file start-v7.txt (compact mmCIF, C-alpha atoms and all ligand atoms)
# COMPACT_ATOMS: atom_id res chain seq x y z
CA MET A 1 67.81 193.15 204.36
CA LYS A 2 67.21 189.69 202.97
CA ALA A 3 69.85 188.45 200.61
CA THR A 4 69.24 185.29 198.67
CA ALA A 5 72.20 182.98 198.66
CA ARG A 6 73.48 182.52 195.13
CA CYS A 7 76.26 180.55 193.58
CA THR A 8 78.55 182.99 191.87
CA ILE A 9 81.32 181.66 189.71
CA VAL A 10 82.70 184.94 188.45
CA PRO A 11 84.07 187.08 191.28
CA PRO A 12 82.78 190.66 191.44
CA TYR A 13 86.08 192.32 190.53
CA LEU A 14 86.21 190.28 187.34
CA LEU A 15 82.62 191.17 186.48
CA VAL A 16 83.56 194.81 186.84
CA ARG A 17 86.47 194.37 184.48
CA LEU A 18 84.33 192.49 181.98
CA ALA A 19 81.58 195.10 182.18
CA ARG A 20 84.11 197.78 181.21
CA LEU A 21 85.42 195.95 178.12
CA ASP A 22 85.15 198.12 175.06
CA ASP A 23 86.29 195.55 172.51
CA PRO A 24 83.40 194.68 170.14
CA ARG A 25 84.56 191.03 170.16
CA PHE A 26 83.61 190.85 173.83
CA ALA A 27 80.42 192.92 173.59
CA ALA A 28 78.24 189.98 174.65
CA ALA A 29 80.44 189.15 177.62
CA ALA A 30 80.53 192.78 178.68
CA GLU A 31 76.76 193.07 178.48
CA ALA A 32 76.28 189.83 180.42
CA ALA A 33 78.63 191.08 183.10
CA ARG A 34 76.72 194.38 183.34
CA GLN A 35 73.43 192.53 183.69
CA SER A 36 74.92 190.31 186.33
CA LEU A 37 76.19 193.29 188.31
CA LEU A 38 72.77 194.90 188.08
CA ARG A 39 71.08 191.92 189.69
CA ASP A 40 73.22 192.25 192.77
CA ILE A 41 72.15 193.53 196.14
CA PRO A 42 71.85 197.25 196.84
CA LEU A 43 75.15 198.94 197.52
CA ARG A 44 74.36 201.39 200.22
CA GLU A 45 74.15 198.49 202.64
CA HIS A 46 77.49 197.17 201.39
CA ARG A 47 79.05 200.48 202.10
CA ALA A 48 77.67 200.74 205.61
CA ALA A 49 78.62 197.17 206.39
CA ALA A 50 82.11 197.52 204.98
CA HIS A 51 82.99 200.68 206.89
CA PRO A 52 81.04 200.91 210.12
CA LEU A 53 82.15 203.72 212.36
CA PRO A 54 83.70 202.63 215.65
CA PRO A 55 81.05 203.23 218.36
CA ALA A 56 82.98 206.05 220.05
CA LEU A 57 83.42 207.91 216.76
CA ALA A 58 79.80 207.39 215.79
CA VAL A 59 78.67 208.99 219.03
CA ARG A 60 80.99 211.94 218.61
CA ALA A 61 79.92 212.41 215.00
CA GLY A 62 76.34 212.66 216.16
CA ALA A 63 77.12 215.14 218.91
CA ALA A 64 79.47 217.64 217.31
CA ARG A 65 81.33 216.93 214.14
CA GLN A 66 84.40 218.94 213.46
CA ARG A 67 83.74 221.66 210.90
CA GLY A 68 85.77 221.60 207.69
CA ARG A 69 86.42 217.86 207.73
CA ILE A 70 86.12 216.38 204.28
CA ASP A 71 84.31 213.10 203.61
CA ARG A 72 84.64 211.88 200.03
CA SER A 73 83.25 208.79 198.30
CA ILE A 74 84.06 207.92 194.72
CA TRP A 75 81.80 205.37 193.05
CA ASP A 76 82.42 203.36 189.92
CA ALA A 77 79.35 203.12 187.66
CA VAL A 78 81.16 200.54 185.47
CA GLY A 79 79.61 201.81 182.25
CA LEU A 80 76.03 201.70 183.49
CA GLU A 81 73.69 204.65 183.77
CA ARG A 82 72.76 203.87 187.36
CA LEU A 83 73.69 206.02 190.31
CA PRO A 84 75.62 206.14 192.52
CA GLY A 85 77.28 203.17 190.83
CA ARG A 86 78.19 199.55 191.32
CA LEU A 87 81.24 199.84 193.52
CA LEU A 88 82.56 202.15 196.14
CA ALA A 89 85.98 202.65 194.58
CA ARG A 90 87.56 205.00 197.09
CA ALA A 91 86.38 206.44 200.39
CA GLU A 92 87.99 208.99 202.68
CA GLY A 93 91.30 207.76 204.00
CA TRP A 94 91.67 204.98 201.43
CA PRO A 95 94.89 204.89 199.42
CA PRO A 96 94.96 205.79 195.72
CA THR A 97 93.66 203.16 193.32
CA SER A 98 95.01 202.10 189.93
CA ASP A 99 92.11 203.91 188.23
CA PRO A 100 93.07 207.48 187.26
CA ALA A 101 89.44 208.63 186.99
CA VAL A 102 88.79 207.59 190.61
CA ASN A 103 91.91 209.37 191.86
CA GLU A 104 91.26 212.50 189.80
CA ALA A 105 87.72 212.74 191.17
CA HIS A 106 88.99 212.18 194.73
CA ASP A 107 91.73 214.80 194.41
CA GLY A 108 89.47 217.25 192.57
CA LEU A 109 86.85 217.08 195.30
CA GLY A 110 89.65 217.71 197.77
CA GLU A 111 90.88 220.83 195.95
CA THR A 112 87.33 222.15 195.62
CA HIS A 113 86.57 221.56 199.29
CA THR A 114 89.86 223.28 200.20
CA LEU A 115 89.01 226.43 198.22
CA PHE A 116 85.57 226.78 199.76
CA TRP A 117 86.73 225.95 203.28
CA THR A 118 90.02 227.86 203.49
CA ARG A 119 88.96 230.94 201.51
CA PHE A 120 85.25 231.30 202.25
CA ALA A 121 84.92 229.23 205.46
CA ARG A 122 82.28 227.14 203.73
CA ASP A 123 82.06 223.64 205.17
CA SER A 124 81.28 221.58 202.06
CA ILE A 125 78.35 221.99 199.66
CA ASP A 126 75.71 222.73 202.29
CA ASP A 127 78.06 224.44 204.78
CA ARG A 128 77.18 221.63 207.18
CA GLY A 129 79.81 219.11 206.19
CA MET A 130 77.79 217.27 203.55
CA PRO A 131 79.72 214.22 202.33
CA LEU A 132 81.03 214.69 198.79
CA GLU A 133 80.11 212.02 196.31
CA ALA A 134 81.25 211.46 192.76
CA SER A 135 80.51 208.70 190.28
CA VAL A 136 82.94 207.92 187.47
CA HIS A 137 82.68 205.66 184.38
CA TYR A 138 79.01 206.63 183.96
CA GLY A 139 77.48 205.25 180.76
CA ARG A 140 79.22 204.03 177.63
CA LYS A 141 81.42 206.58 175.85
CA TYR A 142 79.40 209.19 177.69
CA ASP A 143 80.47 212.70 176.64
CA ASN A 144 79.37 214.62 179.67
CA ALA A 145 79.60 215.45 183.36
CA PHE A 146 76.66 216.66 185.44
CA TRP A 147 75.32 217.33 188.92
CA ASP A 148 72.24 215.22 189.70
CA GLY A 149 71.18 217.13 192.82
CA GLU A 150 73.21 214.91 195.16
CA ARG A 151 76.49 214.03 193.49
CA MET A 152 78.69 214.80 190.53
CA VAL A 153 78.76 212.32 187.69
CA PHE A 154 81.49 211.88 185.08
CA GLY A 155 81.54 210.06 181.76
CA ASP A 156 84.61 208.55 180.12
CA GLY A 157 84.19 210.48 176.87
CA ASP A 158 84.04 208.80 173.47
CA GLY A 159 87.82 208.92 172.94
CA GLN A 160 87.41 210.65 169.57
CA VAL A 161 86.16 214.09 170.56
CA PHE A 162 86.29 213.93 174.35
CA ASN A 163 88.66 212.43 176.87
CA ARG A 164 87.42 211.46 180.33
CA PHE A 165 85.75 214.36 182.13
CA THR A 166 87.73 214.03 185.37
CA LEU A 167 90.84 215.24 183.54
CA SER A 168 90.00 218.87 184.16
CA LEU A 169 89.94 220.23 187.70
CA THR A 170 87.78 223.13 186.50
CA VAL A 171 85.06 220.63 185.52
CA ILE A 172 85.13 218.99 188.96
CA GLY A 173 84.94 222.40 190.64
CA HIS A 174 82.17 223.39 188.21
CA GLU A 175 80.00 220.40 189.14
CA LEU A 176 80.49 220.79 192.88
CA THR A 177 79.65 224.49 192.64
CA HIS A 178 76.26 223.50 191.16
CA GLY A 179 75.70 221.84 194.53
CA VAL A 180 76.70 225.01 196.40
CA THR A 181 74.35 227.08 194.24
CA GLN A 182 71.53 224.60 194.84
CA HIS A 183 72.01 225.00 198.60
CA THR A 184 72.23 228.81 198.47
CA ALA A 185 70.70 231.08 195.79
CA ASN A 186 69.17 228.02 194.07
CA LEU A 187 69.09 229.86 190.74
CA THR A 188 66.48 228.52 188.32
CA TYR A 189 68.32 226.58 185.61
CA ALA A 190 66.80 228.31 182.58
CA GLY A 191 67.29 231.55 180.71
CA GLN A 192 69.34 234.31 182.33
CA SER A 193 69.17 232.92 185.89
CA GLY A 194 70.33 229.60 184.42
CA ALA A 195 73.23 231.34 182.69
CA VAL A 196 74.15 233.01 186.02
CA ASN A 197 74.00 229.55 187.63
CA GLU A 198 76.33 228.23 184.90
CA SER A 199 78.65 231.19 185.25
CA MET A 200 78.92 230.68 189.03
CA SER A 201 80.07 227.13 188.33
CA ASP A 202 82.64 228.34 185.80
CA VAL A 203 83.87 231.10 188.13
CA PHE A 204 84.45 228.80 191.11
CA GLY A 205 85.58 225.93 188.88
CA SER A 206 88.28 228.20 187.51
CA LEU A 207 89.14 229.51 190.98
CA VAL A 208 89.59 225.95 192.26
CA GLU A 209 92.21 225.35 189.59
CA GLN A 210 93.93 228.71 190.10
CA HIS A 211 94.02 228.19 193.86
CA ALA A 212 95.37 224.64 193.54
CA ARG A 213 98.08 225.79 191.11
CA GLY A 214 98.84 229.00 192.99
CA GLN A 215 98.22 231.09 189.88
CA THR A 216 97.53 234.80 189.81
CA THR A 217 94.97 236.28 187.43
CA ALA A 218 97.74 237.08 184.96
CA GLU A 219 99.14 233.53 185.11
CA ALA A 220 95.84 231.63 184.93
CA SER A 221 94.44 230.20 181.69
CA TRP A 222 90.83 231.17 182.50
CA LEU A 223 89.82 228.12 180.46
CA ILE A 224 87.05 225.73 181.47
CA GLY A 225 87.69 222.09 180.60
CA GLU A 226 91.22 222.42 179.29
CA GLY A 227 92.45 219.02 178.08
CA LEU A 228 89.01 217.49 177.62
CA PHE A 229 89.19 217.55 173.84
CA THR A 230 91.29 214.88 172.16
CA GLU A 231 94.14 215.88 169.86
CA GLN A 232 91.81 215.41 166.89
CA VAL A 233 89.81 218.50 167.87
CA GLN A 234 90.86 222.04 166.94
CA GLY A 235 90.36 223.61 170.33
CA VAL A 236 91.92 224.09 173.75
CA ALA A 237 88.90 223.88 176.07
CA LEU A 238 85.10 224.07 176.36
CA ARG A 239 85.04 227.77 177.19
CA SER A 240 87.27 230.76 177.79
CA MET A 241 86.25 233.20 180.52
CA LYS A 242 88.85 235.71 179.40
CA ALA A 243 87.83 235.61 175.73
CA PRO A 244 84.44 233.91 175.31
CA GLY A 245 83.95 232.47 171.82
CA THR A 246 87.60 231.52 171.28
CA ALA A 247 87.94 228.14 173.01
CA TYR A 248 87.50 226.01 169.88
CA ASN A 249 86.97 226.28 166.16
CA ASP A 250 86.66 222.84 164.65
CA ASP A 251 85.28 221.51 161.37
CA VAL A 252 83.12 218.95 163.19
CA LEU A 253 82.15 220.83 166.36
CA GLY A 254 81.91 224.26 164.78
CA LYS A 255 83.03 227.42 166.52
CA ASP A 256 82.73 228.21 170.22
CA PRO A 257 79.41 230.15 170.24
CA GLN A 258 79.80 232.03 173.52
CA PRO A 259 79.20 235.79 173.51
CA GLY A 260 81.37 238.04 175.69
CA SER A 261 78.91 240.92 175.89
CA MET A 262 75.19 241.69 175.64
CA ALA A 263 75.66 242.70 172.01
CA GLY A 264 76.07 238.98 171.22
CA TYR A 265 73.29 237.70 173.53
CA ILE A 266 71.80 234.50 172.08
CA ASP A 267 68.04 233.95 172.15
CA THR A 268 67.41 230.23 171.93
CA GLU A 269 65.12 227.54 173.27
CA ASP A 270 67.89 224.96 173.22
CA ASP A 271 70.10 224.27 176.24
CA ASN A 272 67.38 225.49 178.65
CA GLY A 273 67.51 228.89 177.00
CA GLY A 274 71.22 229.00 176.23
CA VAL A 275 72.51 228.61 179.78
CA HIS A 276 75.92 227.37 178.55
CA LEU A 277 76.06 230.04 175.85
CA ASN A 278 75.11 233.34 177.49
CA SER A 279 77.12 232.43 180.61
CA GLY A 280 80.03 233.88 178.60
CA ILE A 281 78.74 237.37 179.46
CA PRO A 282 78.90 237.13 183.30
CA ASN A 283 82.05 234.96 182.94
CA ARG A 284 83.85 237.77 181.17
CA ALA A 285 82.56 240.32 183.69
CA PHE A 286 84.19 238.26 186.46
CA TYR A 287 87.44 238.04 184.51
CA LEU A 288 87.43 241.81 183.98
CA VAL A 289 87.02 242.41 187.73
CA ALA A 290 89.97 240.08 188.37
CA GLU A 291 92.05 241.74 185.68
CA ALA A 292 91.34 245.21 187.07
CA LEU A 293 92.25 244.20 190.62
CA GLY A 294 95.22 241.96 189.80
CA GLY A 295 96.71 239.38 192.15
CA ASN A 296 94.79 236.29 193.14
CA ALA A 297 91.28 236.08 191.76
CA TRP A 298 90.04 233.99 194.70
CA GLU A 299 90.65 236.96 196.99
CA ALA A 300 88.52 240.10 196.40
CA PRO A 301 86.82 239.03 193.12
CA GLY A 302 85.99 235.55 194.44
CA GLN A 303 84.81 237.01 197.76
CA ILE A 304 82.44 239.43 196.03
CA TRP A 305 80.94 236.67 193.89
CA TYR A 306 80.72 234.33 196.89
CA ASP A 307 78.99 237.01 198.98
CA THR A 308 76.54 237.57 196.12
CA LEU A 309 75.77 233.85 195.78
CA THR A 310 75.32 233.23 199.50
CA GLY A 311 74.09 236.60 200.77
CA GLY A 312 70.41 235.83 200.38
CA ALA A 313 69.63 238.84 198.18
CA LEU A 314 69.53 237.04 194.83
CA GLY A 315 66.11 236.03 193.53
CA ARG A 316 65.89 232.53 192.08
CA ARG A 317 64.99 233.96 188.69
CA VAL A 318 67.37 236.90 188.74
CA ASP A 319 68.32 238.28 185.33
CA PHE A 320 71.76 239.54 184.28
CA ALA A 321 70.97 243.14 185.21
CA GLY A 322 69.75 242.09 188.66
CA PHE A 323 72.81 239.93 189.16
CA ALA A 324 75.09 242.81 188.13
CA ARG A 325 73.40 245.08 190.69
CA ALA A 326 73.75 242.40 193.37
CA THR A 327 77.51 242.03 192.77
CA GLU A 328 77.92 245.81 192.98
CA ALA A 329 76.01 245.88 196.25
CA ALA A 330 78.13 243.00 197.57
CA ALA A 331 81.35 244.80 196.58
CA ALA A 332 80.18 248.02 198.25
CA ALA A 333 79.12 246.14 201.38
CA ARG A 334 82.43 244.34 201.82
CA PHE A 335 84.94 246.89 200.52
CA GLY A 336 83.05 250.15 200.85
CA PRO A 337 81.09 252.29 198.37
CA GLY A 338 83.47 253.87 195.88
CA SER A 339 86.27 251.43 196.82
CA ARG A 340 88.62 250.15 194.15
CA GLU A 341 86.78 246.82 194.24
CA HIS A 342 83.39 248.46 193.87
CA ALA A 343 84.64 250.51 190.93
CA ALA A 344 86.13 247.43 189.25
CA VAL A 345 82.78 245.62 189.42
CA ARG A 346 80.88 248.61 188.01
CA SER A 347 83.28 249.02 185.15
CA ALA A 348 83.32 245.29 184.30
CA TRP A 349 79.54 245.19 183.89
CA HIS A 350 79.66 248.36 181.86
CA GLU A 351 82.17 246.74 179.53
CA VAL A 352 79.97 243.69 178.86
CA GLY A 353 76.95 245.87 178.10
CA LEU A 354 75.26 245.78 181.49
CA GLY A 355 76.37 249.10 182.90
CA LEU A 356 73.88 250.73 185.23
CA SER A 357 74.38 254.19 183.78
CA LEU A 358 73.32 252.89 180.39
CA PRO A 359 70.08 250.99 179.90
CA ALA A 360 71.07 247.37 179.31
CA ARG A 361 70.00 246.20 175.88
CA ALA A 362 67.42 243.78 177.05
CA PRO A 363 67.02 240.55 175.12
CA SER A 364 63.80 240.38 173.12
CA GLU A 365 62.38 237.80 175.50
CA MET B 366 58.97 211.22 156.58
CA LYS B 367 61.95 212.58 158.48
CA VAL B 368 63.01 212.28 162.14
CA ILE B 369 65.27 214.96 163.56
CA VAL B 370 66.91 214.63 166.95
CA SER B 371 68.86 217.56 168.29
CA ARG B 372 70.75 217.39 171.54
CA SER B 373 71.81 220.58 173.29
CA GLY B 374 73.26 221.40 176.70
CA GLY B 375 75.64 219.18 178.58
CA ILE B 376 78.55 220.83 180.33
CA ALA B 377 80.08 221.53 176.92
CA GLY B 378 76.94 223.24 175.61
CA ILE B 379 77.61 221.85 172.14
CA ARG B 380 74.55 221.17 169.99
CA VAL B 381 74.45 218.05 167.84
CA THR B 382 71.71 217.18 165.34
CA TRP B 383 71.00 213.79 163.80
CA GLU B 384 68.44 213.15 161.01
CA VAL B 385 66.95 210.07 159.42
CA GLN B 386 64.86 209.83 156.25
CA VAL B 387 62.54 207.07 157.39
CA ASP B 388 61.37 206.07 153.89
CA GLU B 389 64.94 205.44 152.80
CA GLN B 390 65.58 202.94 155.58
CA PRO B 391 65.60 199.22 154.74
CA ASP B 392 63.47 198.67 157.87
CA ALA B 393 61.08 201.59 157.25
CA PRO B 394 57.98 199.73 158.54
CA SER B 395 59.59 199.11 161.92
CA TRP B 396 60.64 202.79 162.11
CA ARG B 397 57.02 203.82 161.44
CA GLU B 398 55.78 201.41 164.07
CA LEU B 399 58.20 202.86 166.64
CA LEU B 400 57.29 206.46 165.70
CA ASP B 401 53.56 205.72 166.00
CA SER B 402 54.02 204.13 169.40
CA LEU B 403 55.74 207.15 170.98
CA PRO B 404 53.81 209.10 173.63
CA TRP B 405 54.05 212.41 171.76
CA GLY B 406 52.46 215.25 173.70
CA GLN B 407 52.69 213.47 177.02
CA ALA B 408 56.01 214.88 178.18
CA GLU B 409 55.92 216.12 181.77
CA GLU B 410 57.38 219.41 182.85
CA THR B 411 60.30 218.68 185.14
CA ALA B 412 62.92 220.96 186.67
CA PRO B 413 66.10 220.85 184.57
CA GLU B 414 69.21 219.30 186.16
CA PRO B 415 72.50 221.17 185.74
CA ASP B 416 74.59 220.12 182.74
CA ARG B 417 72.28 217.36 181.59
CA TYR B 418 71.41 217.15 177.92
CA VAL B 419 68.17 218.46 176.46
CA TYR B 420 66.70 216.53 173.51
CA ARG B 421 64.40 218.04 170.89
CA ILE B 422 62.77 215.33 168.79
CA ARG B 423 60.82 216.25 165.68
CA CYS B 424 58.77 214.17 163.27
CA ALA B 425 56.14 216.36 161.61
CA PRO B 426 53.61 217.19 162.89
CA HIS B 427 55.07 216.16 166.24
CA GLU B 428 57.73 217.86 168.29
CA VAL B 429 58.78 217.20 171.85
CA VAL B 430 61.49 218.57 174.16
CA LEU B 431 62.76 216.08 176.73
CA PRO B 432 65.37 216.45 179.46
CA GLU B 433 67.87 213.60 179.40
CA PRO B 434 66.43 211.68 182.39
CA GLN B 435 63.12 211.42 180.50
CA VAL B 436 64.75 209.90 177.42
CA ALA B 437 63.95 206.34 178.41
CA GLY B 438 62.00 203.40 177.00
CA PRO B 439 60.82 203.98 173.43
CA TRP B 440 62.33 207.50 173.35
CA LYS B 441 65.73 206.05 174.14
CA ASP B 442 65.23 203.38 171.47
CA LEU B 443 64.45 206.08 168.93
CA VAL B 444 67.40 208.29 169.86
CA ASP B 445 69.78 205.32 169.79
CA ARG B 446 68.48 204.24 166.36
CA VAL B 447 68.73 207.73 164.90
CA ARG B 448 72.29 208.09 166.20
CA ALA B 449 73.25 204.64 164.93
CA VAL B 450 72.09 205.47 161.38
CA ASN B 451 73.98 208.78 161.47
CA GLU B 452 77.13 207.25 162.86
CA GLY B 453 77.05 204.44 160.30
CA ARG B 454 76.58 201.69 162.84
ZN ZN A 501 77.11 223.42 184.64
call {"tool": "encode", "arguments": {"input": "start-v7.txt", "output": "structure tokens"}}
result
Amino acid sequence: MKATARCTIVPPYLLVRLARLDDPRFAAAAEAARQSLLRDIPLREHRAAAHPLPPALAVRAGAARQRGRIDRSIWDAVGLERLPGRLLARAEGWPPTSDPAVNEAHDGLGETHTLFWTRFARDSIDDRGMPLEASVHYGRKYDNAFWDGERMVFGDGDGQVFNRFTLSLTVIGHELTHGVTQHTANLTYAGQSGAVNESMSDVFGSLVEQHARGQTTAEASWLIGEGLFTEQVQGVALRSMKAPGTAYNDDVLGKDPQPGSMAGYIDTEDDNGGVHLNSGIPNRAFYLVAEALGGNAWEAPGQIWYDTLTGGALGRRVDFAGFARATEAAAAARFGPGSREHAAVRSAWHEVGLGLSLPARAPSE
Amino acid sequence: MKVIVSRSGGIAGIRVTWEVQVDEQPDAPSWRELLDSLPWGQAEETAPEPDRYVYRIRCAPHEVVLPEPQVAGPWKDLVDRVRAVNEGR
């Protein structure tokens, strides 16, 4: 790498602070700082140079790394829409920073990794110890969080409708689960398979929170994104798995549109065919299984859904009916045909309009 | 002439729509210039990324659906301008 020597008057940490300024009086300074940060040298090299592995460790890592060891990196995008971001804000083993978004992302990745490793013996996203990366402070007043195929990305929210997206552990678990799905069933992100993909992220996102808090099915909120809305919004969360369609009802945002059964299935071209809308149907089916079985939802219910996701039997474009059949088969395989768990799964799908004894009311498309 | 931008998806799955009556804008000629310069009908099919926004941009007779990573260059200029008018900026 060739780096051109430059005279820099403003130290990098100050540029980062300037770039984050939200005050309109300093808009020009903030923009200048962002431009200046952008001109800088690539960061991957920084990272490698700053934290080289000791030779002995490097050799061992190459030979046989220890399964289940977590390796997190939290990047700060400093208000830009560039990934992974400008600064490595916290790596594995580093102490907490003064930035709550960085610490929330770090801790949330930890809780998510813990659920998958301790309950399902899954070693990170790819089951091969893939390092976990998150970027925070993405964009300006960015009202979203997403998975870009390699890392999870979190916006700060606009402050009027949304708070920062790292506030909810379910959202962190949701994003990381998109990575797990990508490395397993790889469900096509459109239409019904896209809604199953979304539901998987809500299921495991919720389980991460329940597991971290030690909550049983009866104690859990079953909300996705609780605390993301500001106090100005009439709503408690983005979605409710227990009662889809009830998470918010606000004069600006409208009413939570999620259906909780096939009778309310939404045919739309928006949102990749309603992937965040119709996911309410499989979400509620999962809740009903958990409710029927009682206790901790990450045990039998989570195991059945995990087996379904990772078992290799799901087609990439599976529809709801095919997914329902696959969960029943997974329940029968693990707990026995006619077991309590198998019966709970059958009855849950029946209740959301996808029972096998009745022909599912297929959507018109 | 009316431009309608609707954004769906995102982890929240909340749809937002912004509209602008181009002829009522003080800078209508520059709006028309921007609208004429857009590569309508040249959007590529790309695999959707989880939880990213999907933009539907309409200006009769044109309509295009763009995943968020493709909203760049003149498309981004348009979306930003439409939002700015709607948000009173
Ligand atoms: Zn998602």
call {"tool": "interface_residues", "arguments": {"input": "start-v7.txt", "of": "chain A", "to": "chain B", "cutoff": "9 Å", "atoms": "only C-alpha atoms", "output": "VMD selection string"}}
result
chain A and resid 143 to 149 171 175 178 188 to 190 194 197 to 198 225 238 to 239 253 to 254 256 to 257 270 to 272 274 to 277
call {"tool": "write_last_selection", "arguments": {"input": "start-v7.txt", "atoms": "C-alpha atoms", "output": "mmCIF file, in the frame of the given file"}}
result
data_model
loop_
_atom_site.group_PDB
_atom_site.id
_atom_site.type_symbol
_atom_site.label_atom_id
_atom_site.label_comp_id
_atom_site.auth_asym_id
_atom_site.auth_seq_id
_atom_site.Cartn_x
_atom_site.Cartn_y
_atom_site.Cartn_z
ATOM 1 C CA ASP A 143 80.470 212.700 176.640
ATOM 2 C CA ASN A 144 79.370 214.620 179.670
ATOM 3 C CA ALA A 145 79.600 215.450 183.360
ATOM 4 C CA PHE A 146 76.660 216.660 185.440
ATOM 5 C CA TRP A 147 75.320 217.330 188.920
ATOM 6 C CA ASP A 148 72.240 215.220 189.700
ATOM 7 C CA GLY A 149 71.180 217.130 192.820
ATOM 8 C CA VAL A 171 85.060 220.630 185.520
ATOM 9 C CA GLU A 175 80.000 220.400 189.140
ATOM 10 C CA HIS A 178 76.260 223.500 191.160
ATOM 11 C CA THR A 188 66.480 228.520 188.320
ATOM 12 C CA TYR A 189 68.320 226.580 185.610
ATOM 13 C CA ALA A 190 66.800 228.310 182.580
ATOM 14 C CA GLY A 194 70.330 229.600 184.420
ATOM 15 C CA ASN A 197 74.000 229.550 187.630
ATOM 16 C CA GLU A 198 76.330 228.230 184.900
ATOM 17 C CA GLY A 225 87.690 222.090 180.600
ATOM 18 C CA LEU A 238 85.100 224.070 176.360
ATOM 19 C CA ARG A 239 85.040 227.770 177.190
ATOM 20 C CA LEU A 253 82.150 220.830 166.360
ATOM 21 C CA GLY A 254 81.910 224.260 164.780
ATOM 22 C CA ASP A 256 82.730 228.210 170.220
ATOM 23 C CA PRO A 257 79.410 230.150 170.240
ATOM 24 C CA ASP A 270 67.890 224.960 173.220
ATOM 25 C CA ASP A 271 70.100 224.270 176.240
ATOM 26 C CA ASN A 272 67.380 225.490 178.650
ATOM 27 C CA GLY A 274 71.220 229.000 176.230
ATOM 28 C CA VAL A 275 72.510 228.610 179.780
ATOM 29 C CA HIS A 276 75.920 227.370 178.550
ATOM 30 C CA LEU A 277 76.060 230.040 175.850
#
call {"tool": "atom_distance", "arguments": {"input": "start-v7.txt", "atom1": "CA of Pro244 in chain A", "atom2": "CA of Gln192 in chain A"}}
result
16.7 Å
call {"tool": "residues_around", "arguments": {"input": "start-v7.txt", "residues": "Val387 in chain B", "least_positions_apart": "2", "cutoff": "9 Å", "atoms": "all atoms listed in the file", "output": "PyMOL selection string"}}
result
chain B and resi 366-368+385+389-394+396-397
call {"tool": "atom_distance", "arguments": {"input": "start-v7.txt", "atom1": "CA of Val136 in chain A", "atom2": "CA of Asp442 in chain B"}}
result
24.3 Å
call {"tool": "residues_around", "arguments": {"input": "start-v7.txt", "residues": "range 316-320 of chain A", "least_positions_apart": "2", "cutoff": "6 Å", "atoms": "all atoms listed in the file", "output": "list in words"}}
result
Asn186, Leu187, Thr188, Gln192, Ser193, Gly322 and Phe323 of chain A
call {"tool": "write_last_selection", "arguments": {"input": "start-v7.txt", "atoms": "C-alpha atoms", "output": "PDB file, in the coordinates of the input"}}
result
ATOM      1  CA  ASN A 186      69.170 228.020 194.070  1.00  0.00           C
ATOM      2  CA  LEU A 187      69.090 229.860 190.740  1.00  0.00           C
ATOM      3  CA  THR A 188      66.480 228.520 188.320  1.00  0.00           C
ATOM      4  CA  GLN A 192      69.340 234.310 182.330  1.00  0.00           C
ATOM      5  CA  SER A 193      69.170 232.920 185.890  1.00  0.00           C
ATOM      6  CA  GLY A 322      69.750 242.090 188.660  1.00  0.00           C
ATOM      7  CA  PHE A 323      72.810 239.930 189.160  1.00  0.00           C
TER       8      PHE A 323
END
